[in-house]
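Asker: Pasting a structure here, questions to come.
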Amino acid sequence: MSIDKRWIIVAVLAAAVAIFFWFDLGRYLSLEYVKAQQAQLEAWRAARPLAAAGVAFLAYVLVTALSLPGAAVMTLAVGAIFGLGWGLLLVSFASTIGATLAFLASRILFRNWVQSRFGDRLRALNAGIGKDGAFYLFTLRLVPVFPFFVINLAMGVTTIRTWTFYWVSQLGMLAGTLVYVNAGTQLARIDSLAGIASPGLIVSLALLGVFPLVARKLIEAFQARRVYARWQRPRRFDRNLVVIGAGSAGLVTAYIAAAVRAKVTLVEKHRMGGDCLNTGCVPSKALLRSAKLLSHIARASEFGIRRAEAEFDFADVMQRVQRVIGEIEPHDSIERYTGLGVDVVEGSARIVTPWEVEITRHDGSVQRLSTRSIVIASGARPFVPPIPGIDDVGYLTSDTVWDLRERPRRLVVLGGGPIGSELTQAFARLGSKVTQVEMMPRILAREDPEVSEIVTRRFESEGIDVLTGHTAKRFEIAGGVKTLIAEHEGREVRIPFDAVLVAVGRTANLAGFGLEELGVVTGRTVETNGFLQTNFPNIYAAGDVAGPYQFTHTASHQAWYAAVNALFDPIRKFRVDYSVIPWATFVDPEVARVGLSEQEARERGIAHEVTVYGIDDLDRAIADGEAHGFVKVLTVPGKDRILGVTIVGEHAGDLLAEYVLAMKHRIGLNRILGTIHIYPTMAEANKYAAGVWKRAHAPATVLNWLERFHGWRRGAGAAPAGAAKPLPPAPAAKER
Ligand SMILES: Cc1cc2nc3c(=O)[nH]c(=O)nc-3n(C[C@H](O)[C@H](O)[C@H](O)COP(=O)(O)OP(=O)(O)OC[C@H]3O[C@@H](n4cnc5c(N)ncnc54)[C@H](O)[C@@H]3O)c2cc1C
């Protein structure tokens, strides 16, 4: 609705309320007045019943819609005049219609403002209203301690649907309405409103109010029992917990379980450490390190070194990657975990009943373990799209690329996400001619456009062909030449290559270990509630298989909740906290983010301010020859509370940690600014970003007065108001 129309509504409402108070219309809604007029009102109703009902109905709607005082007295009056049956009918509809009008007025006038200003903080409430709004409203309506008009206005700014609000209000208010209309039939005997709802009655209504919530819990418990109906629960269990998969999620789950002295078995069918150690974070970062060294050597002249050359064998670089894995391996080894008290079994796990896991060991022997709880941590694998010809040309994925010992001369990387981009740059720096193909208009599409632009520009300057807006259509192989045919703006583009790396996303490992047979609900991932429980409350999921994030740190974050909830429910369980989730893409320049990006804030209509500090200005970055990138901070308008941070630049992932801590513990920019940062470090960028924000919020009036004050102290006489100059430009970075 346009602002003009909203002002009209405000004016009409204000006028109506003003008339009510100006003419003291409230006196007609007092108990004494109604009692005095009872006989006349009854006579009027007897003479003209329809007109009387119509007037009473409209008056009731008006009073409730305008949130005016007097609804309780009106209810008594209606009871006195129309009796219990008709009175109840009349008040029930009039009060609900009036409440809905008040609700709509609040929605039109305030909801957008409230949601855009506090939307981020209201996210949990909105989700709760979306799921349980009817239950909450019903409770609020039944418990008479929550004022009628407050509920109408408050609900208006939430996301509850109008029809839901209407019918739940009508139903929820029925009991209270009945009490008051019934009391009205005895109007002559009522001396004050206070006596109508006795403490006993309020308690009864309150009990009635919480009933739906209790009922829901009972239904949930009943549903949980139903999923177990096909099986006999063992009386005793071999284990407290069986964990399936020894990747980031499974290892941490087992570690926590052992730390609290639970009997836990960890089953791994392939390699301890899962993807992160063997085919993910660790090898990719090791490869990127070698690639970065080469890029530095290529830039030697920038650093005053006349000539530097690198002589290397691709196979040696890949061998180093394996050495790095080997060095980290002991952290995730069977020996370490056994020493920690975990029973580690090498084999393939299969859930056979909600409390039993069958393990087929590598030697073919089978073991069946009963367990109180199970945590599924089976991870994810590269998704390979069914592009015609893909099997004929053969392809690499993040699982197999580490086996390469010969550098592909021409490499096509399918995918512009984090994994595709990291490997694109690594291979290009190692000497492959890389073409990155992405169907979206830009790479790293999850980040703000300027982030993609900086990375694309760097890629292109390093000789990478970045083909965005290109959709892979088919692969061909003719005369020994492999070609990808992509579509771009309606025409075909042919890209010859020697190897293709597919990095278009990862798909959760859901099949082949009993989930389908058991009936564990899955979509793209295993479906879990806020406690990481599947539809079988004793079976949990964590890590890539559960989503929504696919990072090692989120997998281990979830693992804590999965372990603790699996071991201590129903005594105590914790809802996973996803409020502050950081991540980084380790391209050069690095990209790191926590919280909202500018694009997300805009799309979700969340009010925000943007502060940007350019790292090209930072002394240490200049000294290091890495003067590029930025720190972008989103804050609540007019406040220093951080909504999100994006950093692009050298060591962005490490720099971000300060902001992650700040967001987690609600530390604002003022306090970051007031913290000493070592000079000269990259971390100073965080403080300078806070400084940019501070200058933009400098109190101009106070500064004008200060200028006059200093003038007066110099004996120069006060400058006329408003004559003060604008703030000077920013001083050199290190002085900020
Ligand atoms: C190239 C690449 C780079 C990455 N870089 C980063 C990064 O820099 N930072 C970051 O945070 N994340 C990164 N990731 C993501 C990270 O690797 C994953 O998010 C993380 O490994 C998920 O851990 P997980 O425990 O959920 O699954 P996984 O590590 O996949 O572990 C699952 C394990 O379960 C086992 N398993 C499955 N089914 C069974 C069964 N039935 N019985 C027994 N065992 C079973 C599997 O063998 C596997 O070992 C990267 C991923 C890739 C591919």
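Every chain in the structure tokens has a letter given in the order shown (A, B, ...), and although residue numbers restart at 1 in each chain, ligands are simply numbered from 1 in the order shown.
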Excluding segment 529-533 of chain A and its own-chain neighbours fewer than 3 positions away, which residues fall within 10 Å of it when counting only C-alpha atoms? Please give them as a list of chain:residue names.
Answerer: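 Once the nearby chain positions are removed, what remains is A:Ile374, A:Val375, A:Val526, A:Phe536, A:Pro537, A:Asn538, A:Ile539, A:Tyr540, A:Ala541, A:Ala542, A:Ala546, A:Gln558, A:Ala559, A:Tyr561, A:Ala562, A:Ala563, A:Val564, A:Asn565, A:Ala566, A:Asp569, A:Lys573, A:Phe574, A:Arg575, A:Val576, A:Asp577, A:Tyr578.
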Asker: Do a neighbour search on Asp363 of chain A at 12 Å with only C-alpha atoms, toss out local chain neighbours closer than 3 positions, and write the hits as a list in words.
Answerer: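 Non-adjacent residues within range: Lys269, Val345, Glu346, Gly347, Ser348, Ile359, Thr360, Val366 and Gln367 of chain A.
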Asker: Filtering to all heavy atoms, could you give me those residues as a PDB file, in the first residue's frame?
Answerer:
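The file below, part_8.pdb, is the result:
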ATOM      1  N   LYS A 269      33.698 -46.944   6.311  1.00  0.00           N
ATOM      2  CA  LYS A 269      33.834 -47.966   5.270  1.00  0.00           C
ATOM      3  C   LYS A 269      35.005 -47.697   4.329  1.00  0.00           C
ATOM      4  O   LYS A 269      35.417 -48.564   3.577  1.00  0.00           O
ATOM      5  CB  LYS A 269      32.539 -48.093   4.475  1.00  0.00           C
ATOM      6  CG  LYS A 269      32.223 -46.943   3.569  1.00  0.00           C
ATOM      7  CD  LYS A 269      31.015 -47.280   2.712  1.00  0.00           C
ATOM      8  CE  LYS A 269      30.657 -46.100   1.846  1.00  0.00           C
ATOM      9  NZ  LYS A 269      29.442 -46.300   1.098  1.00  0.00           N
ATOM     10  N   VAL A 345      35.407 -49.274  14.067  1.00  0.00           N
ATOM     11  CA  VAL A 345      35.277 -50.483  13.256  1.00  0.00           C
ATOM     12  C   VAL A 345      35.394 -50.099  11.782  1.00  0.00           C
ATOM     13  O   VAL A 345      34.708 -49.188  11.307  1.00  0.00           O
ATOM     14  CB  VAL A 345      33.898 -51.165  13.502  1.00  0.00           C
ATOM     15  CG1 VAL A 345      33.785 -52.421  12.646  1.00  0.00           C
ATOM     16  CG2 VAL A 345      33.723 -51.499  14.965  1.00  0.00           C
ATOM     17  N   GLU A 346      36.283 -50.777  11.075  1.00  0.00           N
ATOM     18  CA  GLU A 346      36.416 -50.537   9.643  1.00  0.00           C
ATOM     19  C   GLU A 346      35.454 -51.471   8.904  1.00  0.00           C
ATOM     20  O   GLU A 346      35.618 -52.697   8.938  1.00  0.00           O
ATOM     21  CB  GLU A 346      37.840 -50.814   9.188  1.00  0.00           C
ATOM     22  CG  GLU A 346      38.815 -49.754   9.673  1.00  0.00           C
ATOM     23  CD  GLU A 346      40.217 -50.057   9.202  1.00  0.00           C
ATOM     24  OE1 GLU A 346      40.869 -50.895   9.851  1.00  0.00           O
ATOM     25  OE2 GLU A 346      40.645 -49.474   8.195  1.00  0.00           O
ATOM     26  N   GLY A 347      34.485 -50.894   8.279  1.00  0.00           N
ATOM     27  CA  GLY A 347      33.496 -51.711   7.580  1.00  0.00           C
ATOM     28  C   GLY A 347      32.332 -50.846   7.149  1.00  0.00           C
ATOM     29  O   GLY A 347      32.310 -49.627   7.382  1.00  0.00           O
ATOM     30  N   SER A 348      31.376 -51.509   6.523  1.00  0.00           N
ATOM     31  CA  SER A 348      30.226 -50.786   5.992  1.00  0.00           C
ATOM     32  C   SER A 348      29.035 -50.959   6.942  1.00  0.00           C
ATOM     33  O   SER A 348      28.662 -52.089   7.257  1.00  0.00           O
ATOM     34  CB  SER A 348      29.909 -51.372   4.622  1.00  0.00           C
ATOM     35  OG  SER A 348      29.081 -50.510   3.950  1.00  0.00           O
ATOM     36  N   ILE A 359      27.229 -54.290  10.732  1.00  0.00           N
ATOM     37  CA  ILE A 359      28.505 -53.837  10.159  1.00  0.00           C
ATOM     38  C   ILE A 359      29.145 -54.997   9.399  1.00  0.00           C
ATOM     39  O   ILE A 359      29.383 -56.069   9.983  1.00  0.00           O
ATOM     40  CB  ILE A 359      29.467 -53.351  11.259  1.00  0.00           C
ATOM     41  CG1 ILE A 359      28.785 -52.275  12.120  1.00  0.00           C
ATOM     42  CG2 ILE A 359      30.757 -52.817  10.655  1.00  0.00           C
ATOM     43  CD1 ILE A 359      29.503 -51.989  13.417  1.00  0.00           C
ATOM     44  N   THR A 360      29.394 -54.738   8.102  1.00  0.00           N
ATOM     45  CA  THR A 360      30.110 -55.747   7.308  1.00  0.00           C
ATOM     46  C   THR A 360      31.558 -55.290   7.221  1.00  0.00           C
ATOM     47  O   THR A 360      31.865 -54.275   6.598  1.00  0.00           O
ATOM     48  CB  THR A 360      29.497 -55.865   5.895  1.00  0.00           C
ATOM     49  OG1 THR A 360      28.093 -56.051   6.035  1.00  0.00           O
ATOM     50  CG2 THR A 360      30.104 -57.024   5.134  1.00  0.00           C
ATOM     51  N   VAL A 366      30.393 -60.249   9.619  1.00  0.00           N
ATOM     52  CA  VAL A 366      29.267 -59.349   9.896  1.00  0.00           C
ATOM     53  C   VAL A 366      29.028 -59.287  11.406  1.00  0.00           C
ATOM     54  O   VAL A 366      29.036 -60.310  12.094  1.00  0.00           O
ATOM     55  CB  VAL A 366      27.984 -59.834   9.182  1.00  0.00           C
ATOM     56  CG1 VAL A 366      26.799 -58.936   9.508  1.00  0.00           C
ATOM     57  CG2 VAL A 366      28.197 -59.871   7.683  1.00  0.00           C
ATOM     58  N   GLN A 367      28.809 -58.063  11.890  1.00  0.00           N
ATOM     59  CA  GLN A 367      28.556 -57.869  13.318  1.00  0.00           C
ATOM     60  C   GLN A 367      27.280 -57.039  13.449  1.00  0.00           C
ATOM     61  O   GLN A 367      27.066 -56.092  12.684  1.00  0.00           O
ATOM     62  CB  GLN A 367      29.741 -57.089  13.913  1.00  0.00           C
ATOM     63  CG  GLN A 367      29.634 -56.767  15.367  1.00  0.00           C
ATOM     64  CD  GLN A 367      30.808 -55.893  15.847  1.00  0.00           C
ATOM     65  OE1 GLN A 367      31.547 -55.328  15.036  1.00  0.00           O
ATOM     66  NE2 GLN A 367      30.969 -55.786  17.144  1.00  0.00           N
TER      67      GLN A 367
END
Asker: Got a sec: who's within 10 Å of Ile244 of chain A, counting only C-alpha atoms, leaving out chain neighbours fewer than 3 positions off, as a PyMOL selection string?
Answerer: chain A and resi 241+247+249-251+253-254+265-269+345+347-351+357+359+374-379+513+541
Asker: From a backbone DSSP assignment, name each residue in segment 314-491 of chain A labelled strand (DSSP E), as an MDAnalysis selection string.
Answerer: chainID A and resid 343:353 356:361 366:376 380:382 410:414 433:438 465:468 470:478 481:488 491
